[in-house]
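Comments concern the structure below.
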Amino acid sequence: SSFSSSILSAGSMLSWNCVKRLILPSLSVVQMKRTIRGSILVFGAVATVLALKVQSVQALWFFTSDLVFVLLFPQLIYALFDTKVNRTGSIAAFVVSLVLRLGGGEPLLGMPGFIAYPELFVPLLPGTAADWYDPVSGAMLFPFKTLAAGVGIVMLPIVSRLTARWDPPQPLRSLAADAADHADHR
């Protein structure tokens with residue numbers, strides 16, 4: 001039951017918070033049902049692959065914590081404390097932070113890094129680029145996860161303000177306002 005409720009929750013959140021709110025606000029109820037069902041299938045398939053591939057629940061928990069820190073923390077800060085952020089800034093910051101995070105690699109998923117951070121930042125770092133790799137495991141010691149979160153924190157308000165003319169920010173609304181709005185459109 002925990003697994004099924006988690007998949008249902010993730011599918012509903014993706015459909016409602018991302019697809020309906022950000023991408024296609026004009027979705028009908030029938031289209032929303034289809035979107036939720038499709039996202040549940042996708043999340044179920046991904047969860048099955050992860051369950052078969054990942055042997056450590058603790059490692060998976062750390063990975064998801066990384067993703068929450070890098071991708072969702074900047075979004076939460078600005079959703080709560082900056083009324084000028086918009087959907088374009090949010091999407092841009094999310095995508096760039098995700099690319100920077102995955103650019104460092106993820107051993108849990110067998111993904112090698114495709115961005116050599118120590119080599120890129122060698123003029124700013126003490127020592128040589130080789131000093132920023134673990135000599136035993138070869139793991140990168142550069143704080144690329146923090147860099148990815150920081151870029152999201154800086155990028156979200158800047159892109160939002162640059163695109164505010166053609167994508168105005170939407171204020172947070174209460175559930176009661178959404179229900180009244182939905183009833184008016186009937």
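By order of appearance in the structure tokens: chains A, B, ..., then residues from 1 within every chain, and ligands from 1 in the order shown.
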**OP:** Skip stretch 14-31 of chain A itself and residues of its chain fewer than 5 positions away, then list as number ranges by chain all residues within 8 Å of it, counting only C-alpha atoms.
**Re:** A: 36, 39, 87
Selection file, N, CA and C atoms, as an mmCIF file, in the first residue's frame:
```
data_model
loop_
_atom_site.group_PDB
_atom_site.id
_atom_site.type_symbol
_atom_site.label_atom_id
_atom_site.label_comp_id
_atom_site.auth_asym_id
_atom_site.auth_seq_id
_atom_site.Cartn_x
_atom_site.Cartn_y
_atom_site.Cartn_z
ATOM 1 N N ILE A 36 -2.823 11.772 -15.339
ATOM 2 C CA ILE A 36 -2.498 11.106 -14.071
ATOM 3 C C ILE A 36 -2.237 9.626 -14.310
ATOM 4 N N SER A 39 1.132 9.228 -16.045
ATOM 5 C CA SER A 39 2.269 9.483 -15.156
ATOM 6 C C SER A 39 2.427 8.375 -14.124
ATOM 7 N N ARG A 87 6.893 31.086 -14.066
ATOM 8 C CA ARG A 87 7.022 29.707 -14.547
ATOM 9 C C ARG A 87 8.279 29.532 -15.399
#
```
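Residues of stretch 123-156 of chain A carrying a DSSP assignment of helix (DSSP H, G or I), computed from the backbone, are Ala129, Ala130, Asp131, Trp132, Phe144, Lys145, Thr146, Leu147, Ala148, Ala149, Gly150, Val151, Gly152, Ile153, Val154, Met155 and Leu156 of chain A.
The environment of A:Val42 within 12 Å, counting only C-alpha atoms and disregarding residues fewer than 2 places along the same chain, consists of A:Ile7, A:Leu8, A:Ala10, A:Gly11, A:Leu14, A:Ser15, A:Thr35, A:Ile36, A:Arg37, A:Gly38, A:Ser39, A:Ile40, A:Gly44, A:Ala45, A:Val46, A:Ala47, A:Thr48, A:Val49.
Inside stretch 82-140 of chain A, the residues DSSP reads as strand (DSSP E or B) when given the backbone are Glu106, Met111, Tyr133 and Met140 of chain A.
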Tell me which protein, DNA and RNA residues are within 12 Å of A:Ala116, counting only C-alpha atoms, leaving out same-chain ones fewer than 4 positions away, and put them as an mmCIF file with all heavy atoms, in the first residue's frame.
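The resulting result.cif:
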```cif
data_model
loop_
_atom_site.group_PDB
_atom_site.id
_atom_site.type_symbol
_atom_site.label_atom_id
_atom_site.label_comp_id
_atom_site.auth_asym_id
_atom_site.auth_seq_id
_atom_site.Cartn_x
_atom_site.Cartn_y
_atom_site.Cartn_z
ATOM 1 N N LEU A 100 23.353 20.283 -14.251
ATOM 2 C CA LEU A 100 24.581 20.441 -13.466
ATOM 3 C C LEU A 100 24.734 19.324 -12.437
ATOM 4 O O LEU A 100 25.841 18.836 -12.200
ATOM 5 C CB LEU A 100 24.609 21.806 -12.779
ATOM 6 C CG LEU A 100 24.754 23.008 -13.703
ATOM 7 C CD1 LEU A 100 24.619 24.306 -12.909
ATOM 8 C CD2 LEU A 100 26.067 22.962 -14.457
ATOM 9 N N ARG A 101 23.626 18.912 -11.824
ATOM 10 C CA ARG A 101 23.689 17.823 -10.826
ATOM 11 C C ARG A 101 24.065 16.508 -11.485
ATOM 12 O O ARG A 101 24.942 15.789 -11.027
ATOM 13 C CB ARG A 101 22.343 17.703 -10.106
ATOM 14 C CG ARG A 101 22.154 16.440 -9.280
ATOM 15 C CD ARG A 101 23.212 16.305 -8.205
ATOM 16 N NE ARG A 101 23.086 15.070 -7.486
ATOM 17 C CZ ARG A 101 23.682 13.927 -7.814
ATOM 18 N NH1 ARG A 101 24.448 13.842 -8.881
ATOM 19 N NH2 ARG A 101 23.541 12.859 -7.057
ATOM 20 N N LEU A 102 23.405 16.174 -12.584
ATOM 21 C CA LEU A 102 23.711 14.924 -13.276
ATOM 22 C C LEU A 102 25.062 14.986 -13.981
ATOM 23 O O LEU A 102 25.675 13.950 -14.235
ATOM 24 C CB LEU A 102 22.600 14.586 -14.276
ATOM 25 C CG LEU A 102 21.224 14.296 -13.659
ATOM 26 C CD1 LEU A 102 20.199 14.031 -14.749
ATOM 27 C CD2 LEU A 102 21.294 13.138 -12.680
ATOM 28 N N GLY A 103 25.532 16.195 -14.264
ATOM 29 C CA GLY A 103 26.838 16.369 -14.902
ATOM 30 C C GLY A 103 27.989 15.851 -14.063
ATOM 31 O O GLY A 103 29.041 15.492 -14.593
ATOM 32 N N GLY A 104 27.817 15.803 -12.764
ATOM 33 C CA GLY A 104 28.839 15.257 -11.872
ATOM 34 C C GLY A 104 28.810 13.743 -11.793
ATOM 35 O O GLY A 104 29.675 13.122 -11.189
ATOM 36 N N GLY A 105 27.780 13.131 -12.397
ATOM 37 C CA GLY A 105 27.652 11.677 -12.381
ATOM 38 C C GLY A 105 26.835 11.190 -11.204
ATOM 39 O O GLY A 105 26.608 11.916 -10.233
ATOM 40 N N PRO A 112 28.145 7.950 -15.478
ATOM 41 C CA PRO A 112 29.414 8.669 -15.323
ATOM 42 C C PRO A 112 29.186 10.175 -15.466
ATOM 43 O O PRO A 112 28.217 10.610 -16.096
ATOM 44 C CB PRO A 112 30.255 8.132 -16.488
ATOM 45 C CG PRO A 112 29.259 7.734 -17.519
ATOM 46 C CD PRO A 112 28.039 7.274 -16.761
ATOM 47 N N LEU A 120 37.350 22.434 -14.991
ATOM 48 C CA LEU A 120 36.737 23.716 -15.359
ATOM 49 C C LEU A 120 37.090 24.831 -14.372
ATOM 50 O O LEU A 120 37.270 25.974 -14.766
ATOM 51 C CB LEU A 120 35.212 23.579 -15.403
ATOM 52 C CG LEU A 120 34.601 22.884 -16.601
ATOM 53 C CD1 LEU A 120 33.095 22.712 -16.405
ATOM 54 C CD2 LEU A 120 34.856 23.688 -17.859
ATOM 55 N N PHE A 121 37.149 24.467 -13.105
ATOM 56 C CA PHE A 121 37.356 25.474 -12.071
ATOM 57 C C PHE A 121 38.777 25.493 -11.515
ATOM 58 O O PHE A 121 39.020 26.101 -10.478
ATOM 59 C CB PHE A 121 36.350 25.257 -10.926
ATOM 60 C CG PHE A 121 34.942 25.578 -11.299
ATOM 61 C CD1 PHE A 121 34.070 24.576 -11.701
ATOM 62 C CD2 PHE A 121 34.479 26.879 -11.267
ATOM 63 C CE1 PHE A 121 32.765 24.867 -12.058
ATOM 64 C CE2 PHE A 121 33.174 27.180 -11.616
ATOM 65 C CZ PHE A 121 32.311 26.168 -12.021
ATOM 66 N N VAL A 122 39.719 24.844 -12.192
ATOM 67 C CA VAL A 122 41.090 24.751 -11.672
ATOM 68 C C VAL A 122 41.721 26.120 -11.382
ATOM 69 O O VAL A 122 42.455 26.246 -10.399
ATOM 70 C CB VAL A 122 41.984 23.870 -12.589
ATOM 71 C CG1 VAL A 122 42.384 24.585 -13.862
ATOM 72 C CG2 VAL A 122 43.192 23.354 -11.834
ATOM 73 N N ALA A 129 43.819 20.025 -10.452
ATOM 74 C CA ALA A 129 42.542 19.344 -10.685
ATOM 75 C C ALA A 129 42.566 17.934 -10.104
ATOM 76 O O ALA A 129 41.559 17.444 -9.575
ATOM 77 C CB ALA A 129 42.236 19.297 -12.178
ATOM 78 N N ALA A 130 43.713 17.272 -10.164
ATOM 79 C CA ALA A 130 43.829 15.899 -9.646
ATOM 80 C C ALA A 130 43.595 15.840 -8.136
ATOM 81 O O ALA A 130 43.161 14.806 -7.611
ATOM 82 C CB ALA A 130 45.201 15.330 -9.988
ATOM 83 N N TRP A 132 41.285 17.166 -6.592
ATOM 84 C CA TRP A 132 39.858 17.190 -6.354
ATOM 85 C C TRP A 132 39.176 15.870 -6.704
ATOM 86 O O TRP A 132 37.961 15.804 -6.870
ATOM 87 C CB TRP A 132 39.218 18.360 -7.103
ATOM 88 C CG TRP A 132 39.598 19.642 -6.450
ATOM 89 C CD1 TRP A 132 40.703 20.397 -6.695
ATOM 90 C CD2 TRP A 132 38.915 20.275 -5.380
ATOM 91 N NE1 TRP A 132 40.738 21.467 -5.855
ATOM 92 C CE2 TRP A 132 39.649 21.428 -5.036
ATOM 93 C CE3 TRP A 132 37.751 19.989 -4.673
ATOM 94 C CZ2 TRP A 132 39.240 22.274 -4.014
ATOM 95 C CZ3 TRP A 132 37.355 20.851 -3.668
ATOM 96 C CH2 TRP A 132 38.096 21.974 -3.351
ATOM 97 N N TYR A 133 39.977 14.826 -6.809
ATOM 98 C CA TYR A 133 39.470 13.464 -7.001
ATOM 99 C C TYR A 133 40.026 12.586 -5.899
ATOM 100 O O TYR A 133 41.192 12.722 -5.514
ATOM 101 C CB TYR A 133 39.894 12.903 -8.370
ATOM 102 C CG TYR A 133 39.237 13.594 -9.538
ATOM 103 C CD1 TYR A 133 39.877 14.635 -10.199
ATOM 104 C CD2 TYR A 133 37.974 13.207 -9.965
ATOM 105 C CE1 TYR A 133 39.271 15.273 -11.268
ATOM 106 C CE2 TYR A 133 37.362 13.839 -11.035
ATOM 107 C CZ TYR A 133 38.021 14.877 -11.682
ATOM 108 O OH TYR A 133 37.415 15.515 -12.742
ATOM 109 N N ALA A 139 36.441 9.146 -7.018
ATOM 110 C CA ALA A 139 35.236 9.973 -6.907
ATOM 111 C C ALA A 139 35.595 11.452 -6.879
ATOM 112 O O ALA A 139 36.620 11.850 -6.318
ATOM 113 C CB ALA A 139 34.464 9.607 -5.638
ATOM 114 N N MET A 140 34.755 12.253 -7.491
ATOM 115 C CA MET A 140 34.978 13.694 -7.528
ATOM 116 C C MET A 140 34.681 14.298 -6.155
ATOM 117 O O MET A 140 33.654 14.016 -5.545
ATOM 118 C CB MET A 140 34.068 14.320 -8.584
ATOM 119 C CG MET A 140 34.375 15.778 -8.835
ATOM 120 S SD MET A 140 33.247 16.620 -9.985
ATOM 121 C CE MET A 140 32.926 15.431 -11.230
ATOM 122 N N LEU A 141 35.573 15.141 -5.675
ATOM 123 C CA LEU A 141 35.410 15.792 -4.380
ATOM 124 C C LEU A 141 34.876 17.219 -4.515
ATOM 125 O O LEU A 141 34.567 17.860 -3.525
ATOM 126 C CB LEU A 141 36.752 15.807 -3.639
ATOM 127 C CG LEU A 141 37.378 14.431 -3.388
ATOM 128 C CD1 LEU A 141 38.756 14.580 -2.750
ATOM 129 C CD2 LEU A 141 36.470 13.568 -2.542
ATOM 130 N N PHE A 142 34.788 17.706 -5.728
ATOM 131 C CA PHE A 142 34.266 19.043 -5.986
ATOM 132 C C PHE A 142 32.791 19.095 -5.561
ATOM 133 O O PHE A 142 32.026 18.181 -5.862
ATOM 134 C CB PHE A 142 34.393 19.379 -7.480
ATOM 135 C CG PHE A 142 33.981 20.776 -7.820
ATOM 136 C CD1 PHE A 142 34.879 21.814 -7.704
ATOM 137 C CD2 PHE A 142 32.696 21.049 -8.246
ATOM 138 C CE1 PHE A 142 34.500 23.113 -8.018
ATOM 139 C CE2 PHE A 142 32.301 22.336 -8.554
ATOM 140 C CZ PHE A 142 33.213 23.374 -8.444
ATOM 141 N N PRO A 143 32.356 20.169 -4.899
ATOM 142 C CA PRO A 143 30.965 20.246 -4.407
ATOM 143 C C PRO A 143 29.965 20.620 -5.518
ATOM 144 O O PRO A 143 29.307 21.646 -5.471
ATOM 145 C CB PRO A 143 31.046 21.315 -3.326
ATOM 146 C CG PRO A 143 32.156 22.205 -3.772
ATOM 147 C CD PRO A 143 33.159 21.293 -4.440
ATOM 148 N N PHE A 144 29.831 19.749 -6.508
ATOM 149 C CA PHE A 144 28.986 20.057 -7.658
ATOM 150 C C PHE A 144 27.501 20.085 -7.317
ATOM 151 O O PHE A 144 26.725 20.780 -7.964
ATOM 152 C CB PHE A 144 29.265 19.102 -8.829
ATOM 153 C CG PHE A 144 28.917 17.672 -8.571
ATOM 154 C CD1 PHE A 144 27.670 17.177 -8.903
ATOM 155 C CD2 PHE A 144 29.845 16.811 -8.009
ATOM 156 C CE1 PHE A 144 27.354 15.854 -8.676
ATOM 157 C CE2 PHE A 144 29.535 15.483 -7.779
ATOM 158 C CZ PHE A 144 28.274 15.005 -8.108
#
```
